[in-house]
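S.K.: Starting off with a structure, shown below.
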Amino acid sequence: MIEIDLSDKVALVTGGTRGIGLASAKALGAAGAQCVMTYRWGSADLDEIRADFDALGAPEPMLEMADVSHTEDTEALMERIKERRGGVDIFINNVAFAARTPELSSYRKRSLFKSLEYSAWPLVEYVEAAHDICGRYPEYVVAISSDGIERSYPGYDFVAASKSVLEVLTRYMGSHLGEQGCRVNAVRFGMVATESFEAMFGEQIWDFFAEEGIERSDLLSPQECGRTVLALCSGLLDAMQSEVITVDRAMAFEDNMMRRYERWKRQMTDDLQKE
């Protein structure tokens with residue numbers, strides 16, 4: 001194992017108090033990074049998070065209430081980071097707005113714009129604010145995406161659209177910022193067992209998985225996502241720039257027609273034997 005030491009780094013994680021964001025912050029904090037984690041009012045148990053970081057032996061995090069869609073919040077946050085930490089070395093763009101669109105009649109222009117405002121544009125605004133206010137670009141920028149861009153999930157239309165824009169911005173920002181020593185990459189995680197996942201698809205998703213023979217352990221855990229983020233910010237993968245990296249448990253590979261056909265045959269055989 002290679003020990004990763006981020007003790008001289010400041011890591012900013014938007015939406016850092018839940019799910020993938022929290023797991024990423026914990027992984028970075030356990031490696032010694034001074035974490036700044038944003039949240040919206042009433043969405044986090046701050047004392048519990050501080051206790052978790054203390055148990056990890058991680059530096060106490062800055063927990064900052066900030067709405068990523070409000071420019072004034074972003075600028076005020078960067079001013080506080082500049083005052084207390086000096087600047088941002090690692091930026092994890094994690095916040096996403098999930099407007100469900102179960103059918104075409106659910107489409108609303110305002111909802112699409114809001115999704116872009118939360119899920120894609122902060123990648124640009126936070127990086128620029130870090131440079132303009134703190135005086136430097138982050139060394140590492142990681143945009144959290146999803147495989148909903150290439151796979152069809154019910155009601156996921158606008159989330160996938162905004163993540164598509166996020167990935168395009170990642171690629172182009174990397175080409176612009178490479179000479180500044182800023183590495184910009186995106187991670188496209190497969191299905192991850194988080195509260196947001198259940199909020200999007202409902203608790204009944206587990207009934208569907210049971211019928212398909214899919215276990216909860218077949219999904220990614222937030223902790224695995226956090227370790228992936230840590231690896232991208234560790235110096236071990238510095239050859240990567242403007243990349244979109246897919247991480248899953250081979251679910252997309254497994255979920256193909258031939259394998260479904262094999263499962264169907266086995267089920268039919270079992271049913272006939274029971275009869």
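To be explicit about the labels: the chains of the structure tokens are called A, B, and onward in the order shown, and within each one the residues are counted from 1, while ligands get numbers from 1 in the order they are shown.
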Sorted by chain and rising residue number, which residues of region 175-265 of chain A lie within 12 Å of region 119-123 of chain A, and what are their closest atom pairs and distances in Å to one decimal, counting only C-alpha atoms, as a tab-separated table?

M.R.:
```
residue	atom	partner	partner_atom	distance
A:Val184	CA	A:Leu123	CA	9.9
A:Asn185	CA	A:Leu123	CA	11.0
A:Ala186	CA	A:Leu123	CA	10.6
```

S.K.: With C-alpha atoms retained, export the selected residues as an mmCIF file, in the first residue's frame.

M.R.:
```cif
data_model
loop_
_atom_site.group_PDB
_atom_site.id
_atom_site.type_symbol
_atom_site.label_atom_id
_atom_site.label_comp_id
_atom_site.auth_asym_id
_atom_site.auth_seq_id
_atom_site.Cartn_x
_atom_site.Cartn_y
_atom_site.Cartn_z
ATOM 1 C CA VAL A 184 -9.480 18.545 -14.124
ATOM 2 C CA ASN A 185 -11.191 15.158 -14.407
ATOM 3 C CA ALA A 186 -14.658 13.686 -13.960
#
```

S.K.: Would you work out the distance separating CA of Thr246 (chain A) from CA of Ile90 (chain A), expressed in Å to one decimal?

M.R.: 20.2 Å

S.K.: Return the single residue from A:Ile4, A:Leu237, A:Val192, A:Leu77 that is closest to Ala130 (chain A), with distances computed using only C-alpha atoms.

M.R.: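 Nearest candidate to Ala130 (chain A) out of A:Ile4, A:Leu237, A:Val192, A:Leu77: A:Leu77.
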
S.K.: Go through region 68-103 of chain A and collect every residue that DSSP, computed from the backbone, puts in alpha helix (DSSP H); the answer should be as a short mmCIF file (atom, residue, chain, number, x, y, z; two decimals) with N, CA and C atoms, in the first residue's frame.

M.R.:
```cif
data_model
loop_
_atom_site.label_atom_id
_atom_site.label_comp_id
_atom_site.auth_asym_id
_atom_site.auth_seq_id
_atom_site.Cartn_x
_atom_site.Cartn_y
_atom_site.Cartn_z
N THR A 71 -24.15 33.02 -6.49
CA THR A 71 -22.80 33.56 -6.66
C THR A 71 -22.31 34.24 -5.40
N GLU A 72 -23.20 34.95 -4.71
CA GLU A 72 -22.79 35.66 -3.50
C GLU A 72 -22.35 34.68 -2.41
N ASP A 73 -23.01 33.50 -2.32
CA ASP A 73 -22.59 32.48 -1.37
C ASP A 73 -21.20 31.95 -1.72
N THR A 74 -20.98 31.73 -3.00
CA THR A 74 -19.69 31.21 -3.46
C THR A 74 -18.56 32.18 -3.13
N GLU A 75 -18.78 33.45 -3.42
CA GLU A 75 -17.74 34.45 -3.17
C GLU A 75 -17.46 34.61 -1.68
N ALA A 76 -18.53 34.61 -0.86
CA ALA A 76 -18.35 34.73 0.58
C ALA A 76 -17.62 33.52 1.14
N LEU A 77 -17.93 32.34 0.62
CA LEU A 77 -17.24 31.12 1.05
C LEU A 77 -15.75 31.20 0.75
N MET A 78 -15.41 31.63 -0.46
CA MET A 78 -14.00 31.73 -0.84
C MET A 78 -13.25 32.75 0.02
N GLU A 79 -13.94 33.81 0.39
CA GLU A 79 -13.31 34.79 1.27
C GLU A 79 -12.99 34.18 2.62
N ARG A 80 -13.91 33.36 3.15
CA ARG A 80 -13.67 32.71 4.43
C ARG A 80 -12.53 31.69 4.33
N ILE A 81 -12.49 30.97 3.21
CA ILE A 81 -11.40 30.00 3.01
C ILE A 81 -10.07 30.72 2.90
N LYS A 82 -10.05 31.81 2.19
CA LYS A 82 -8.81 32.59 2.05
C LYS A 82 -8.32 33.06 3.42
N GLU A 83 -9.25 33.53 4.24
CA GLU A 83 -8.88 34.04 5.57
C GLU A 83 -8.38 32.94 6.49
N ARG A 84 -9.03 31.77 6.45
CA ARG A 84 -8.72 30.71 7.42
C ARG A 84 -7.76 29.64 6.90
#
```

S.K.: Smallest atom-to-atom distance to Ser106 (chain A): which of A:Tyr156, A:Ile205, A:Phe91, A:Ile20, using only C-alpha atoms?

M.R.: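 Nearest candidate to Ser106 (chain A) out of A:Tyr156, A:Ile205, A:Phe91, A:Ile20: A:Tyr156.
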
S.K.: Neighbouring residues of Val141 (chain A) were defined as those with any atom within 12 Å, considering only C-alpha atoms; residues of the same chain fewer than 4 positions away were excluded. Please report them as a PyMOL selection string.

M.R.: chain A and resi 11-14+88-94+122-124+126-128+130+137+169-171+173-174+177-178+181-187+229-230+232-234+238+240-243

S.K.: To one decimal in Å, tell me the separation between CA of Gly86 (chain A) and CA of Ala51 (chain A).

M.R.: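 Straight-line distance from CA of Gly86 (chain A) to CA of Ala51 (chain A) works out to 24.6 Å.
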
S.K.: Quick one: of A:Thr194, A:Ser175, A:Gln204, A:Ser7, who's nearest to Leu220 (chain A), counting only C-alpha atoms?

M.R.: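 Nearest candidate to Leu220 (chain A) out of A:Thr194, A:Ser175, A:Gln204, A:Ser7: A:Thr194.
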
S.K.: Could you check the closest approach to Thr228 (chain A) for each of A:Gln267, A:Ser152, A:Ser24, A:Ser162 and tell me which residue wins, using only C-alpha atoms?

M.R.: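 So, comparing all the options, the nearest one is A:Ser24.
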